[in-house]
Amino acid sequence: MSLKHWNKKHIISIRDFSRDEIDFVLKKSALMEDKLSSSKPVKLMKGRILANLFFEPSTRTRMSFETAMKRLGGKTVGFSVAETTSEAKGETITDTVRVVEGYADVIVLRHPAEGAARVASENIKIPLINGGDGANQHPTQTLLDLYTIQKEYKKIDGLSIAMVGDLKYGRTVHSLANALESYNVKLTFISPRELKMPKRMVNRLRDKNIEVKETTKLNIGNADVIYATRIQRERFPDLQEFERVKEAYVLDEIILNKLKDDAIIMHPLPRVSEISPEIDETRHARYFQQSRNGVPVRMALLCLVCGVDF
Ligand code: CP
């Protein structure tokens, strides 16, 4: 796949990616991880600037993009508290990114409004990467999730993947489910009735002949990957509803003997109470490794959209 194909490409939704494009990014991420582990510094983005525009809280996405850019020899600017920006004076997101285009070579945007990244990208010439837009999409999280699964199993096709928790508001599971449309996988969606995966997504998967089971029971005995998620308190219009479901599923030591021997537990993090700390040191836990994988994946993406060959 040519460098020209990626140069200045906005990364807005995983639905914009073909399977070939996803596989290409995963291959390039592995290459980047090799470079990262060698003793030679990787200075591919020397002289370039990344703008991190975070209108919603973040630890991993913001910091791993910052780490990625710095490991590539570039620099970062930006903000992580929207109240300190001119949005507080009524500036639109479109104007904000047009201004930032004059300061930086690439933008990462996180925003609470679904579709914000798409709208923001429409009038700028530098690449914009969606770092999460409301309950909609989180494409770079999906790429690092797939990278983690592929690294573990050396494949994605043929696996059985269970997504557990808030499948209604969780953007990471929406993005991941969209990406898995292109793979030959079996999916089990485990959620309280109120937090089911949106029907249109289930239908899209079934239309692509993906086997999908939906259940309220923690049926994870056949899963190769258990992808747990936090119940997204901040997206509930009614907090009483949140209180009812907030501890719907807890992965603790009791579930360990139900798992396949080589099953892995993933989580985009942050977790609240859905995975007990005693799971952390078991052979099943991959969530801290998963968050670390964000660095080479985001390094690879930054290079690709900035037209830097490696
Ligand atoms: N996984 C993820 O998006 O984490 P942050 O909200 O901390 O960026």
# chains A, B, ... in the order shown; residues from 1 in each chain; ligands from 1

call {"tool": "closest_atom_pairs", "arguments": {"of": "chain A", "to": "ligand 1", "cutoff": "12 Å", "atoms": "only C-alpha atoms and all ligand atoms", "output": "JSON lines"}}
result
{"residue": "A:Asn52", "atom": "CA", "partner": "ligand 1", "partner_atom_place_in_ligand_line": "8 (O)", "distance": 11.7}
{"residue": "A:Phe54", "atom": "CA", "partner": "ligand 1", "partner_atom_place_in_ligand_line": "8 (O)", "distance": 9.5}
{"residue": "A:Phe55", "atom": "CA", "partner": "ligand 1", "partner_atom_place_in_ligand_line": "6 (O)", "distance": 11.4}
{"residue": "A:Glu56", "atom": "CA", "partner": "ligand 1", "partner_atom_place_in_ligand_line": "6 (O)", "distance": 8.3}
{"residue": "A:Pro57", "atom": "CA", "partner": "ligand 1", "partner_atom_place_in_ligand_line": "6 (O)", "distance": 6.3}
{"residue": "A:Ser58", "atom": "CA", "partner": "ligand 1", "partner_atom_place_in_ligand_line": "8 (O)", "distance": 3.8}
{"residue": "A:Thr59", "atom": "CA", "partner": "ligand 1", "partner_atom_place_in_ligand_line": "7 (O)", "distance": 3.5}
{"residue": "A:Arg60", "atom": "CA", "partner": "ligand 1", "partner_atom_place_in_ligand_line": "7 (O)", "distance": 4.0}
{"residue": "A:Thr61", "atom": "CA", "partner": "ligand 1", "partner_atom_place_in_ligand_line": "8 (O)", "distance": 3.7}
{"residue": "A:Arg62", "atom": "CA", "partner": "ligand 1", "partner_atom_place_in_ligand_line": "8 (O)", "distance": 5.9}
{"residue": "A:Met63", "atom": "CA", "partner": "ligand 1", "partner_atom_place_in_ligand_line": "8 (O)", "distance": 7.8}
{"residue": "A:Ser64", "atom": "CA", "partner": "ligand 1", "partner_atom_place_in_ligand_line": "8 (O)", "distance": 8.4}
{"residue": "A:Phe65", "atom": "CA", "partner": "ligand 1", "partner_atom_place_in_ligand_line": "8 (O)", "distance": 9.7}
{"residue": "A:Glu66", "atom": "CA", "partner": "ligand 1", "partner_atom_place_in_ligand_line": "8 (O)", "distance": 11.6}
{"residue": "A:Ser80", "atom": "CA", "partner": "ligand 1", "partner_atom_place_in_ligand_line": "8 (O)", "distance": 10.8}
{"residue": "A:Val108", "atom": "CA", "partner": "ligand 1", "partner_atom_place_in_ligand_line": "8 (O)", "distance": 11.5}
{"residue": "A:Leu109", "atom": "CA", "partner": "ligand 1", "partner_atom_place_in_ligand_line": "8 (O)", "distance": 11.1}
{"residue": "A:Arg110", "atom": "CA", "partner": "ligand 1", "partner_atom_place_in_ligand_line": "8 (O)", "distance": 8.8}
{"residue": "A:His111", "atom": "CA", "partner": "ligand 1", "partner_atom_place_in_ligand_line": "6 (O)", "distance": 11.2}
{"residue": "A:Pro112", "atom": "CA", "partner": "ligand 1", "partner_atom_place_in_ligand_line": "6 (O)", "distance": 11.5}
{"residue": "A:Asn130", "atom": "CA", "partner": "ligand 1", "partner_atom_place_in_ligand_line": "3 (O)", "distance": 10.8}
{"residue": "A:Gly131", "atom": "CA", "partner": "ligand 1", "partner_atom_place_in_ligand_line": "3 (O)", "distance": 7.4}
{"residue": "A:Gly132", "atom": "CA", "partner": "ligand 1", "partner_atom_place_in_ligand_line": "3 (O)", "distance": 7.1}
{"residue": "A:Asp133", "atom": "CA", "partner": "ligand 1", "partner_atom_place_in_ligand_line": "3 (O)", "distance": 10.4}
{"residue": "A:Gly134", "atom": "CA", "partner": "ligand 1", "partner_atom_place_in_ligand_line": "3 (O)", "distance": 11.1}
{"residue": "A:Ala135", "atom": "CA", "partner": "ligand 1", "partner_atom_place_in_ligand_line": "3 (O)", "distance": 11.4}
{"residue": "A:Gln137", "atom": "CA", "partner": "ligand 1", "partner_atom_place_in_ligand_line": "3 (O)", "distance": 10.3}
{"residue": "A:His138", "atom": "CA", "partner": "ligand 1", "partner_atom_place_in_ligand_line": "3 (O)", "distance": 7.3}
{"residue": "A:Pro139", "atom": "CA", "partner": "ligand 1", "partner_atom_place_in_ligand_line": "3 (O)", "distance": 9.9}
{"residue": "A:Thr140", "atom": "CA", "partner": "ligand 1", "partner_atom_place_in_ligand_line": "3 (O)", "distance": 8.8}
{"residue": "A:Gln141", "atom": "CA", "partner": "ligand 1", "partner_atom_place_in_ligand_line": "1 (N)", "distance": 6.4}
{"residue": "A:Thr142", "atom": "CA", "partner": "ligand 1", "partner_atom_place_in_ligand_line": "1 (N)", "distance": 9.5}
{"residue": "A:Leu143", "atom": "CA", "partner": "ligand 1", "partner_atom_place_in_ligand_line": "1 (N)", "distance": 11.6}
{"residue": "A:Leu144", "atom": "CA", "partner": "ligand 1", "partner_atom_place_in_ligand_line": "1 (N)", "distance": 9.8}
{"residue": "A:Asp145", "atom": "CA", "partner": "ligand 1", "partner_atom_place_in_ligand_line": "1 (N)", "distance": 9.8}
{"residue": "A:Gly170", "atom": "CA", "partner": "ligand 1", "partner_atom_place_in_ligand_line": "3 (O)", "distance": 10.2}
{"residue": "A:Arg171", "atom": "CA", "partner": "ligand 1", "partner_atom_place_in_ligand_line": "3 (O)", "distance": 8.9}
{"residue": "A:Thr172", "atom": "CA", "partner": "ligand 1", "partner_atom_place_in_ligand_line": "1 (N)", "distance": 7.6}
{"residue": "A:Val173", "atom": "CA", "partner": "ligand 1", "partner_atom_place_in_ligand_line": "1 (N)", "distance": 10.9}
{"residue": "A:Ser175", "atom": "CA", "partner": "ligand 1", "partner_atom_place_in_ligand_line": "3 (O)", "distance": 11.7}
{"residue": "A:Ala228", "atom": "CA", "partner": "ligand 1", "partner_atom_place_in_ligand_line": "1 (N)", "distance": 11.6}
{"residue": "A:Thr229", "atom": "CA", "partner": "ligand 1", "partner_atom_place_in_ligand_line": "1 (N)", "distance": 9.7}
{"residue": "A:Arg230", "atom": "CA", "partner": "ligand 1", "partner_atom_place_in_ligand_line": "1 (N)", "distance": 10.2}
{"residue": "A:Gln232", "atom": "CA", "partner": "ligand 1", "partner_atom_place_in_ligand_line": "6 (O)", "distance": 10.9}
{"residue": "A:Met266", "atom": "CA", "partner": "ligand 1", "partner_atom_place_in_ligand_line": "1 (N)", "distance": 10.9}
{"residue": "A:His267", "atom": "CA", "partner": "ligand 1", "partner_atom_place_in_ligand_line": "1 (N)", "distance": 7.9}
{"residue": "A:Pro268", "atom": "CA", "partner": "ligand 1", "partner_atom_place_in_ligand_line": "1 (N)", "distance": 4.2}
{"residue": "A:Leu269", "atom": "CA", "partner": "ligand 1", "partner_atom_place_in_ligand_line": "1 (N)", "distance": 4.9}
{"residue": "A:Pro270", "atom": "CA", "partner": "ligand 1", "partner_atom_place_in_ligand_line": "4 (O)", "distance": 6.0}
{"residue": "A:Arg271", "atom": "CA", "partner": "ligand 1", "partner_atom_place_in_ligand_line": "1 (N)", "distance": 9.5}
{"residue": "A:Tyr287", "atom": "CA", "partner": "ligand 1", "partner_atom_place_in_ligand_line": "1 (N)", "distance": 9.9}
{"residue": "A:Phe288", "atom": "CA", "partner": "ligand 1", "partner_atom_place_in_ligand_line": "1 (N)", "distance": 10.7}
{"residue": "A:Gln290", "atom": "CA", "partner": "ligand 1", "partner_atom_place_in_ligand_line": "1 (N)", "distance": 9.5}
{"residue": "A:Ser291", "atom": "CA", "partner": "ligand 1", "partner_atom_place_in_ligand_line": "1 (N)", "distance": 7.3}
{"residue": "A:Arg292", "atom": "CA", "partner": "ligand 1", "partner_atom_place_in_ligand_line": "1 (N)", "distance": 10.8}
{"residue": "A:Asn293", "atom": "CA", "partner": "ligand 1", "partner_atom_place_in_ligand_line": "1 (N)", "distance": 11.4}
{"residue": "A:Gly294", "atom": "CA", "partner": "ligand 1", "partner_atom_place_in_ligand_line": "1 (N)", "distance": 9.2}

call {"tool": "residues_around", "arguments": {"residues": "range 42-46 of chain A", "least_positions_apart": "4", "cutoff": "7 Å", "atoms": "only C-alpha atoms", "output": "MDAnalysis selection string"}}
result
chainID A and resid 35 71:74 308

call {"tool": "select_by_dssp", "arguments": {"residues": "range 65-100 of chain A", "states": "strand (DSSP E)", "output": "number ranges by chain"}}
result
A: 75-79

call {"tool": "atom_distance", "arguments": {"atom1": "CA of Leu187 in chain A", "atom2": "CA of Glu211 in chain A"}}
result
6.1 Å

call {"tool": "atom_distance", "arguments": {"atom1": "CA of Leu205 in chain A", "atom2": "CA of Thr188 in chain A"}}
result
11.7 Å

call {"tool": "select_by_dssp", "arguments": {"residues": "range 47-296 of chain A", "states": "helix (DSSP H, G or I)", "output": "ChimeraX atom specification"}}
result
/A:60-71,82-84,86-89,93-100,116-121,139-153,171-180,193-195,199-207,233-235,239-245,253-256,277-279,287-296

call {"tool": "residues_around", "arguments": {"residues": "Lys208 in chain A", "least_positions_apart": "2", "cutoff": "12 Å", "atoms": "only C-alpha atoms", "output": "ChimeraX atom specification"}}
result
/A:177-186,201-206,210-212

call {"tool": "residues_around", "arguments": {"residues": "Pro277 in chain A", "least_positions_apart": "3", "cutoff": "12 Å", "atoms": "only C-alpha atoms", "output": "list in words"}}
result
Val250, Leu251, Asp252, Glu253, Arg271, Val272, Ser273, Glu274, Asp280, Glu281, Thr282, Ala285, Tyr287 and Phe288 of chain A

call {"tool": "residues_around", "arguments": {"residues": "Lys9 in chain A", "least_positions_apart": "2", "cutoff": "8 Å", "atoms": "only C-alpha atoms", "output": "compact mmCIF listing (two decimals) with all heavy atoms, in the first residue's frame"}}
result
# COMPACT_ATOMS: atom_id res chain seq x y z
N HIS A 5 -1.23 6.89 -0.35
CA HIS A 5 -2.57 6.49 0.09
C HIS A 5 -2.88 7.03 1.49
O HIS A 5 -4.03 7.36 1.81
CB HIS A 5 -2.63 4.95 0.08
CG HIS A 5 -3.93 4.41 0.57
ND1 HIS A 5 -5.05 4.34 -0.22
CD2 HIS A 5 -4.30 3.93 1.79
CE1 HIS A 5 -6.05 3.83 0.47
NE2 HIS A 5 -5.62 3.58 1.70
N TRP A 6 -1.86 7.08 2.33
CA TRP A 6 -2.07 7.46 3.74
C TRP A 6 -1.80 8.93 4.01
O TRP A 6 -2.31 9.49 4.98
CB TRP A 6 -1.17 6.61 4.64
CG TRP A 6 -1.55 5.17 4.61
CD1 TRP A 6 -1.03 4.20 3.81
CD2 TRP A 6 -2.59 4.54 5.38
NE1 TRP A 6 -1.67 3.00 4.05
CE2 TRP A 6 -2.62 3.19 5.01
CE3 TRP A 6 -3.48 4.99 6.35
CZ2 TRP A 6 -3.51 2.29 5.57
CZ3 TRP A 6 -4.37 4.09 6.92
CH2 TRP A 6 -4.38 2.76 6.52
N ASN A 7 -0.96 9.51 3.18
CA ASN A 7 -0.51 10.89 3.45
C ASN A 7 -1.71 11.84 3.55
O ASN A 7 -2.55 11.87 2.67
CB ASN A 7 0.44 11.33 2.32
CG ASN A 7 1.15 12.62 2.67
OD1 ASN A 7 1.20 13.03 3.83
ND2 ASN A 7 1.70 13.27 1.67
N ILE A 11 -8.23 10.19 10.12
CA ILE A 11 -8.61 8.91 10.73
C ILE A 11 -9.83 9.21 11.61
O ILE A 11 -9.70 9.66 12.76
CB ILE A 11 -7.46 8.33 11.59
CG1 ILE A 11 -6.15 8.24 10.78
CG2 ILE A 11 -7.85 6.96 12.18
CD1 ILE A 11 -6.15 7.27 9.62
N PRO A 127 -3.80 16.27 8.57
CA PRO A 127 -4.60 15.11 9.02
C PRO A 127 -5.14 15.29 10.43
O PRO A 127 -4.46 15.81 11.30
CB PRO A 127 -3.60 13.95 8.95
CG PRO A 127 -2.25 14.57 8.91
CD PRO A 127 -2.39 15.93 8.35
N LEU A 128 -6.37 14.84 10.61
CA LEU A 128 -7.01 14.86 11.93
C LEU A 128 -7.34 13.43 12.34
O LEU A 128 -7.91 12.68 11.55
CB LEU A 128 -8.28 15.71 11.89
CG LEU A 128 -8.98 15.90 13.24
CD1 LEU A 128 -9.56 17.31 13.38
CD2 LEU A 128 -10.09 14.88 13.45
N VAL A 305 0.04 9.07 8.37
CA VAL A 305 -0.79 10.21 7.94
C VAL A 305 0.05 11.46 7.69
O VAL A 305 -0.42 12.40 7.04
CB VAL A 305 -1.94 10.52 8.93
CG1 VAL A 305 -2.87 9.33 9.06
CG2 VAL A 305 -1.43 10.99 10.28

call {"tool": "closest_residue", "arguments": {"among": "A:Ala88, A:Leu26, A:Val225, A:Ile254", "to": "Ile161 in chain A", "atoms": "only C-alpha atoms"}}
result
A:Val225

call {"tool": "residues_around", "arguments": {"residues": "Ile126 in chain A", "least_positions_apart": "3", "cutoff": "10 Å", "atoms": "only C-alpha atoms", "output": "list in words"}}
result
Asn7, Lys8, Lys9, His10, Val97, Arg98, Val100, Glu101, Gly102, Ala104, Asp105, Val106, Ile107, Ser121, Asn123, Ile129, Val305 and Cys306 of chain A

call {"tool": "write_last_selection", "arguments": {"atoms": "N, CA, C and O atoms", "output": "compact mmCIF listing (two decimals), in the first residue's frame"}}
result
# COMPACT_ATOMS: atom_id res chain seq x y z
N ASN A 7 -0.96 9.51 3.18
CA ASN A 7 -0.51 10.89 3.45
C ASN A 7 -1.71 11.84 3.55
O ASN A 7 -2.55 11.87 2.67
N LYS A 8 -1.78 12.56 4.66
CA LYS A 8 -2.83 13.57 4.93
C LYS A 8 -4.22 12.95 5.11
O LYS A 8 -5.24 13.64 5.00
N LYS A 9 -4.28 11.65 5.34
CA LYS A 9 -5.57 10.97 5.53
C LYS A 9 -6.11 11.29 6.93
O LYS A 9 -5.38 11.19 7.92
N HIS A 10 -7.38 11.67 7.01
CA HIS A 10 -8.03 11.81 8.32
C HIS A 10 -8.39 10.41 8.83
O HIS A 10 -8.84 9.56 8.06
N VAL A 97 -10.07 24.08 15.03
CA VAL A 97 -9.12 23.26 14.27
C VAL A 97 -8.50 24.05 13.11
O VAL A 97 -7.35 23.82 12.76
N ARG A 98 -9.27 24.99 12.55
CA ARG A 98 -8.69 25.81 11.45
C ARG A 98 -7.55 26.67 11.99
O ARG A 98 -6.55 26.90 11.29
N VAL A 100 -5.71 25.83 14.71
CA VAL A 100 -4.62 24.92 15.10
C VAL A 100 -3.87 24.40 13.87
O VAL A 100 -2.67 24.11 13.93
N GLU A 101 -4.56 24.33 12.75
CA GLU A 101 -3.91 23.93 11.49
C GLU A 101 -2.69 24.82 11.18
O GLU A 101 -1.72 24.38 10.56
N GLY A 102 -2.78 26.05 11.64
CA GLY A 102 -1.65 26.97 11.43
C GLY A 102 -0.50 26.76 12.40
O GLY A 102 0.56 27.38 12.24
N ALA A 104 0.29 23.35 13.78
CA ALA A 104 0.74 21.96 13.93
C ALA A 104 0.67 21.21 12.60
O ALA A 104 0.11 21.70 11.61
N ASP A 105 1.25 20.00 12.58
CA ASP A 105 1.27 19.17 11.36
C ASP A 105 0.20 18.08 11.39
O ASP A 105 -0.14 17.50 10.36
N VAL A 106 -0.31 17.77 12.59
CA VAL A 106 -1.31 16.73 12.73
C VAL A 106 -2.09 17.01 14.02
O VAL A 106 -1.53 17.53 14.98
N ILE A 107 -3.39 16.68 13.99
CA ILE A 107 -4.26 16.96 15.14
C ILE A 107 -4.86 15.65 15.65
O ILE A 107 -5.29 14.81 14.86
N SER A 121 -12.85 17.80 10.64
CA SER A 121 -11.85 17.46 9.61
C SER A 121 -12.20 18.05 8.24
O SER A 121 -11.35 18.09 7.34
N ASN A 123 -12.75 21.00 6.91
CA ASN A 123 -12.20 22.22 6.31
C ASN A 123 -10.71 22.41 6.55
O ASN A 123 -10.22 23.53 6.50
N ILE A 129 -6.95 13.08 13.55
CA ILE A 129 -7.20 11.73 14.08
C ILE A 129 -8.24 11.83 15.19
O ILE A 129 -8.09 12.62 16.12
N VAL A 305 0.04 9.07 8.37
CA VAL A 305 -0.79 10.21 7.94
C VAL A 305 0.05 11.46 7.69
O VAL A 305 -0.42 12.40 7.04
N CYS A 306 1.29 11.46 8.18
CA CYS A 306 2.18 12.61 7.90
C CYS A 306 3.08 12.30 6.71
O CYS A 306 4.01 13.06 6.43

call {"tool": "atom_distance", "arguments": {"atom1": "CA of Thr94 in chain A", "atom2": "CA of Ala82 in chain A"}}
result
14.7 Å
